[in-house]
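entry-v2.txt (compact mmCIF, C-alpha atoms) appears below.
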```txt
# COMPACT_ATOMS: atom_id res chain seq x y z
CA ARG A 1 4.26 18.65 -2.94
CA GLU A 2 6.85 17.28 -5.29
CA GLN A 3 8.13 13.73 -4.92
CA SER A 4 11.81 13.39 -5.78
CA LYS A 5 13.09 10.45 -7.78
CA GLY A 6 13.19 7.39 -5.57
CA GLY A 7 10.69 8.91 -3.13
CA PRO A 8 7.40 7.40 -1.95
CA LEU A 9 5.65 7.59 -5.31
CA ASN A 10 8.68 6.36 -7.23
CA GLY A 11 9.93 3.37 -5.37
CA GLY A 12 8.55 2.92 -1.88
CA PRO A 13 5.60 3.46 0.42
CA ARG A 14 5.11 6.50 2.64
CA VAL A 15 5.72 5.86 6.30
CA GLY A 16 4.49 7.63 9.43
CA PRO A 17 1.79 10.26 9.75
CA ALA A 18 1.98 13.64 8.11
CA ARG A 19 2.27 16.55 10.51
CA PRO A 20 -0.30 19.33 9.99
CA PRO A 21 -0.59 22.47 12.13
CA SER A 22 -2.16 21.77 15.50
CA ALA A 23 -5.91 21.91 15.87
CA ARG A 24 -7.85 21.36 19.09
CA LEU A 25 -11.19 21.97 20.71
CA THR A 26 -11.25 23.65 24.11
CA GLY A 27 -13.97 25.50 25.95
CA GLY A 28 -16.30 25.56 22.98
CA VAL A 29 -13.81 27.45 20.81
CA ARG A 30 -12.10 26.08 17.72
CA HIS A 31 -8.41 26.87 17.66
CA ALA A 32 -7.06 26.28 14.17
CA ALA A 33 -3.91 27.13 12.33
CA VAL A 34 -4.91 28.31 8.87
CA LEU A 35 -1.85 27.66 6.75
CA SER A 36 -1.53 27.41 3.02
CA CYS A 37 0.74 27.51 0.03
CA CYS A 38 -2.27 28.87 -1.84
CA PRO A 39 -1.96 32.66 -2.45
CA ARG A 40 -5.74 33.08 -2.23
CA VAL A 41 -5.76 32.26 1.48
CA ARG A 42 -2.22 33.02 2.61
CA GLN A 43 -3.35 36.33 4.08
CA TYR A 44 -5.34 34.40 6.67
CA ALA A 45 -2.34 32.41 7.91
CA GLY A 46 -1.90 32.26 11.67
CA PRO A 47 -3.93 31.10 14.65
CA VAL A 48 -7.56 32.13 14.75
CA ASN A 49 -10.35 31.62 17.28
CA LEU A 50 -13.71 30.62 15.86
CA PRO A 51 -16.90 29.57 17.64
CA VAL A 52 -17.52 25.89 17.02
CA PRO A 53 -20.85 25.38 15.22
CA ARG A 54 -23.14 22.47 15.95
CA VAL A 55 -22.26 20.81 12.64
CA VAL A 56 -18.80 20.49 11.08
CA LEU A 57 -18.38 19.18 7.54
CA PHE A 58 -14.90 18.18 6.43
CA ASP A 59 -13.39 17.82 3.01
CA LEU A 60 -11.30 14.66 2.67
CA ASP A 61 -8.35 15.13 0.33
CA GLY A 62 -5.62 17.15 2.03
CA THR A 63 -7.85 17.74 5.05
CA LEU A 64 -8.48 14.48 6.89
CA ALA A 65 -6.24 12.26 4.75
CA ASP A 66 -2.84 13.02 3.20
CA THR A 67 -3.82 12.06 -0.33
CA VAL A 68 -2.52 14.98 -2.39
CA PRO A 69 0.84 13.49 -3.54
CA LEU A 70 -0.96 10.37 -4.77
CA ILE A 71 -3.61 12.42 -6.57
CA ILE A 72 -0.98 14.51 -8.36
CA ALA A 73 0.97 11.41 -9.41
CA THR A 74 -2.22 9.76 -10.67
CA PHE A 75 -3.23 12.75 -12.77
CA LYS A 76 0.23 12.90 -14.32
CA ARG A 77 0.32 9.18 -15.13
CA THR A 78 -3.23 9.15 -16.50
CA LEU A 79 -2.86 12.11 -18.84
CA ALA A 80 0.59 11.07 -20.01
CA ALA A 81 -0.62 7.57 -20.84
CA GLN A 82 -3.99 8.49 -22.33
CA LEU A 83 -3.55 11.94 -23.86
CA GLY A 84 0.20 12.07 -24.45
CA TRP A 85 1.02 15.05 -22.25
CA GLU A 86 1.89 15.45 -18.58
CA PRO A 87 0.29 18.26 -16.56
CA THR A 88 2.31 20.37 -14.15
CA THR A 89 2.01 19.91 -10.42
CA GLU A 90 0.23 23.27 -10.18
CA GLN A 91 -2.33 22.21 -12.79
CA CYS A 92 -2.99 19.02 -10.84
CA LYS A 93 -3.51 20.98 -7.63
CA GLU A 94 -6.14 23.10 -9.34
CA TRP A 95 -8.15 19.93 -10.06
CA ILE A 96 -8.08 18.64 -6.50
CA GLY A 97 -11.48 19.00 -4.87
CA ARG A 98 -13.38 18.73 -8.14
CA SER A 99 -14.97 15.55 -9.40
CA LEU A 100 -13.02 13.41 -11.87
CA THR A 101 -15.92 13.60 -14.30
CA ASP A 102 -15.96 17.40 -14.30
CA THR A 103 -12.17 17.62 -14.54
CA PHE A 104 -11.78 15.21 -17.44
CA ARG A 105 -14.78 16.68 -19.25
CA THR A 106 -12.85 19.96 -19.55
CA LEU A 107 -9.74 18.17 -20.85
CA ALA A 108 -11.15 15.56 -23.24
CA PRO A 109 -14.95 15.55 -23.34
CA ASP A 110 -15.09 12.57 -25.69
CA ARG A 111 -12.91 10.37 -23.44
CA VAL A 112 -14.24 11.02 -19.95
CA ASP A 113 -15.16 7.43 -19.07
CA GLU A 114 -11.85 6.09 -20.34
CA LEU A 115 -9.84 8.66 -18.37
CA VAL A 116 -11.81 8.09 -15.17
CA ALA A 117 -11.33 4.34 -15.44
CA HIS A 118 -7.58 4.64 -15.98
CA TYR A 119 -7.24 7.13 -13.12
CA LEU A 120 -9.18 4.98 -10.65
CA GLU A 121 -7.39 1.77 -11.56
CA TRP A 122 -3.94 3.13 -10.66
CA ASN A 123 -5.10 5.35 -7.82
CA LEU A 124 -7.00 2.61 -5.97
CA ALA A 125 -4.20 0.09 -6.49
CA ASN A 126 -1.67 2.45 -4.90
CA HIS A 127 -3.77 3.93 -2.09
CA ARG A 128 -2.50 1.81 0.77
CA ASP A 129 1.15 2.40 -0.07
CA HIS A 130 0.93 6.15 -0.35
CA VAL A 131 -2.00 7.58 1.65
CA ARG A 132 -1.47 8.22 5.34
CA PRO A 133 -3.28 10.03 8.17
CA PHE A 134 -2.45 13.51 9.33
CA ALA A 135 -1.11 13.61 12.86
CA GLY A 136 -3.76 15.02 15.20
CA VAL A 137 -6.81 14.19 13.08
CA SER A 138 -7.80 11.22 15.24
CA GLU A 139 -7.65 13.43 18.33
CA LEU A 140 -9.73 16.09 16.58
CA ILE A 141 -12.41 13.50 15.78
CA ASP A 142 -12.26 12.34 19.42
CA ALA A 143 -12.89 15.91 20.55
CA LEU A 144 -15.82 16.37 18.19
CA GLU A 145 -17.36 13.09 19.35
CA SER A 146 -16.93 14.07 23.00
CA SER A 147 -18.51 17.47 22.36
CA GLY A 148 -21.67 15.86 20.98
CA ARG A 149 -21.46 17.79 17.73
CA THR A 150 -22.49 16.34 14.40
CA PHE A 151 -19.73 16.03 11.82
CA GLY A 152 -19.12 14.35 8.52
CA VAL A 153 -17.24 14.36 5.24
CA VAL A 154 -18.31 15.96 1.96
CA THR A 155 -16.00 15.03 -0.88
CA SER A 156 -15.87 14.99 -4.66
CA LYS A 157 -14.30 11.52 -4.52
CA ARG A 158 -16.35 8.52 -5.53
CA HIS A 159 -17.75 6.43 -2.69
CA LYS A 160 -15.33 3.53 -3.05
CA SER A 161 -12.32 5.85 -3.19
CA ALA A 162 -13.54 7.86 -0.21
CA LEU A 163 -13.98 4.74 1.93
CA LEU A 164 -10.46 3.61 1.04
CA SER A 165 -8.98 7.02 1.88
CA LEU A 166 -10.78 7.04 5.23
CA ASP A 167 -9.44 3.58 5.97
CA CYS A 168 -5.88 4.65 5.14
CA ALA A 169 -6.38 7.63 7.46
CA GLN A 170 -7.48 5.24 10.23
CA LEU A 171 -10.99 6.71 10.24
CA THR A 172 -13.04 3.68 9.19
CA GLY A 173 -16.28 3.58 11.18
CA ARG A 174 -15.72 7.03 12.68
CA ILE A 175 -17.44 9.17 10.04
CA GLY A 176 -21.19 8.73 10.22
CA LEU A 177 -22.03 11.16 7.41
CA LEU A 178 -20.30 10.70 4.06
CA ALA A 179 -21.42 12.54 0.92
CA THR A 180 -19.59 11.61 -2.30
CA GLU A 181 -19.69 12.35 -6.02
CA GLU A 182 -22.56 9.94 -6.67
CA ASP A 183 -24.89 11.78 -4.28
CA THR A 184 -25.44 15.02 -6.22
CA LEU A 185 -25.70 16.25 -9.79
CA LEU A 186 -23.46 19.25 -9.15
CA HIS A 187 -20.14 19.13 -7.33
CA LYS A 188 -17.73 21.44 -5.56
CA PRO A 189 -17.13 24.32 -5.84
CA ASP A 190 -20.92 24.41 -6.20
CA ALA A 191 -22.68 24.38 -2.82
CA GLU A 192 -25.02 21.47 -3.65
CA PRO A 193 -22.92 18.71 -1.98
CA LEU A 194 -22.72 20.66 1.28
CA LEU A 195 -26.42 21.49 1.22
CA HIS A 196 -27.18 17.84 0.49
CA ALA A 197 -25.21 16.79 3.58
CA LEU A 198 -27.03 19.36 5.71
CA ALA A 199 -30.38 18.08 4.45
CA LEU A 200 -29.47 14.53 5.43
CA ILE A 201 -29.07 15.57 9.06
CA GLY A 202 -31.77 18.23 9.10
CA ALA A 203 -29.32 21.05 9.89
CA GLN A 204 -29.80 24.71 9.10
CA PRO A 205 -27.08 26.44 7.04
CA ALA A 206 -26.36 29.02 9.75
CA CYS A 207 -25.21 26.44 12.31
CA TRP A 208 -22.34 24.78 10.48
CA ALA A 209 -18.82 25.28 9.25
CA ALA A 210 -16.86 23.67 6.47
CA ALA A 211 -13.26 22.60 7.01
CA THR A 212 -11.79 22.18 3.56
CA ASN A 213 -8.72 22.13 1.39
CA ALA A 214 -7.85 24.76 -1.24
CA ALA A 215 -11.43 24.74 -2.59
CA ALA A 216 -12.57 26.45 0.64
CA VAL A 217 -12.61 29.94 -0.81
CA SER A 218 -14.79 29.10 -3.81
CA ILE A 219 -17.11 26.94 -1.71
CA SER A 220 -17.64 29.82 0.69
CA GLU A 221 -18.38 32.14 -2.21
CA ALA A 222 -20.93 29.65 -3.56
CA CYS A 223 -22.64 29.43 -0.18
CA GLY A 224 -22.63 33.19 0.32
CA ALA A 225 -22.98 34.14 3.96
CA MET A 226 -24.60 30.89 5.03
CA ALA A 227 -21.56 29.29 6.65
CA SER A 228 -18.25 29.79 8.33
CA SER A 229 -15.19 28.24 6.70
CA ILE A 230 -12.23 26.80 8.54
CA GLY A 231 -9.35 26.49 6.08
CA LEU A 232 -7.31 23.43 6.97
CA ILE A 233 -4.93 23.45 4.05
CA TRP A 234 -2.29 21.14 5.44
CA ALA A 235 -1.11 19.46 2.27
CA GLY A 236 -0.32 22.58 0.30
```
Reformat the file's structure so that it appears as C-alpha cells.
Amino acid sequence: REQSKGGPLNGGPRVGPARPPSARLTGGVRHAAVLSCCPRVRQYAGPVNLPVPRVVLFDLDGTLADTVPLIIATFKRTLAAQLGWEPTTEQCKEWIGRSLTDTFRTLAPDRVDELVAHYLEWNLANHRDHVRPFAGVSELIDALESSGRTFGVVTSKRHKSALLSLDCAQLTGRIGLLATEEDTLLHKPDAEPLLHALALIGAQPACWAAATNAAAVSISEACGAMASSIGLIWAG
C-alpha cells in the first residue's frame, strides 16, 4: 500500500480503523473472505466455508493489526540511511512475516545488529501514530472467546514490538498465547514457531488452523498436511 506525499507516513497520523473483508463465526463454521493482492493466493479469492478447529493461531502484521504501511516505510528509511539504497515497496512486502534478523542477514550479514537497532528505533517511535486496528477484529476475538476455542498469535516480530502492535490494535490483554521471534531458533516460513505455540498449549497439529498474511502459503507448505490455513490477507 503506497502512501502518497503528505499522507499518514509523511505528515500525519492514521485515523479510524482499516476495513478488511468481513469475517464471522456462526454455527461452528468459519466464514472468511480470502482476498489478496498476492498472485500466489488470488485464485482462492471469494467466500469460503471452513470448519473451525479447536485452536486458531493468528499472524499479527496485516492480519490482526494494520501495520504493513509502517513496516514498509521503516524498511525504506532504514536501508536508505544505513546502506544507501531504498528498496521498492514490493521488496519490502516480501520481507514482511520474516524476522528482522533473517531479513537483514541476507542484505548485509556484517551489519545485522546495526540495521535491526535502526529499524526498531524508528518503528517503535512511530507505532502509535500509524498502526490501527482492522474493523471487525475485536468482534472476531469476541466470537472465539465465546466459542471456548483456544487462540493466539504467532509472529516474527520481537516481543516488545508485538505487544505494542497489539495495544495499537486494541487487543491488549485479549491474546493469551503470544509467540515471538525470541521464542524459537527458526522463524517463518519454517513451521517451528507454529509448532512451538502448539506445544505450549498441548494441542495436536491436526486440530488447528493458521490465519496469516502473505506468508500463509509457504507456512502451509512447511507444515505439510498438518493444518488448515485461513488466508486473511487484508493489507495487501
Could I get the residues of region 50-77 of chain A with an atom no further than 12 Å from an atom of region 188-196 of chain A, each paired with its nearest atom pair and that distance in Å to one decimal, using only C-alpha atoms, sorted by chain and residue number, as a tab-separated table?
```
residue	atom	partner	partner_atom	distance
A:Val55	CA	A:Leu194	CA	11.4
A:Val56	CA	A:Leu194	CA	10.6
A:Leu57	CA	A:Leu194	CA	7.8
A:Phe58	CA	A:Leu194	CA	9.7
A:Asp59	CA	A:Leu194	CA	9.9
```
key: Counting all atoms listed in the file, the residue of A:Leu100, A:Thr74, A:Leu83, A:Pro53 that sits nearest Ala203 (chain A)   =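 Going through A:Leu100, A:Thr74, A:Leu83, A:Pro53 one by one, the smallest distance to Ala203 (chain A) is for A:Pro53.
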query = Out of A:Leu178, A:Ala73, A:Leu164, A:Leu185, which residue has the shortest atom-to-atom distance to Arg132 (chain A) when counting only C-alpha atoms?
reply =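 That would be A:Leu164, the residue with the smallest distance to Arg132 (chain A).
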query = Pick the closest to Leu163 (chain A) from A:His187, A:Arg149, A:Lys93, A:His127: which is it, counting all atoms listed in the file?
reply =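 Checking each of A:His187, A:Arg149, A:Lys93, A:His127 against Leu163 (chain A), counting all atoms listed in the file, the winner is A:His127.
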Per-residue nearest contacts region 143-217 of chain A to region 66-70 of chain A, cut-off 10 Å, using only C-alpha atoms, as a Markdown table:
```
| residue | atom | partner | partner_atom | distance |
| --- | --- | --- | --- | --- |
| A:Ser165 | CA | A:Thr67 | CA | 7.5 |
| A:Cys168 | CA | A:Asp66 | CA | 9.1 |
| A:Ala169 | CA | A:Asp66 | CA | 7.7 |
```
Centre, edges in Å (one decimal): axis-aligned box, region 163-168 of chain A, 5 Å padding on all six sides, as lines of an AutoDock Vina configuration file:
```
center_x = -9.9
center_y = 5.3
center_z = 3.5
size_x = 18.1
size_y = 13.5
size_z = 14.9
```
message = Please report the interatomic distance between CA of Gly136 (chain A) and CA of Ser156 (chain A) in Å with one decimal.
response =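 CA of Ser156 (chain A) lies at a distance of 23.3 Å from CA of Gly136 (chain A).
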key: Residues near Phe104 (chain A), cut-off 12 Å, only C-alpha atoms, skip fewer than 6 positions along chain, as a count of residues only   = 18
note = Computed gap from CA of Ile72 (chain A) to CA of Leu177 (chain A) is 26.5 Å
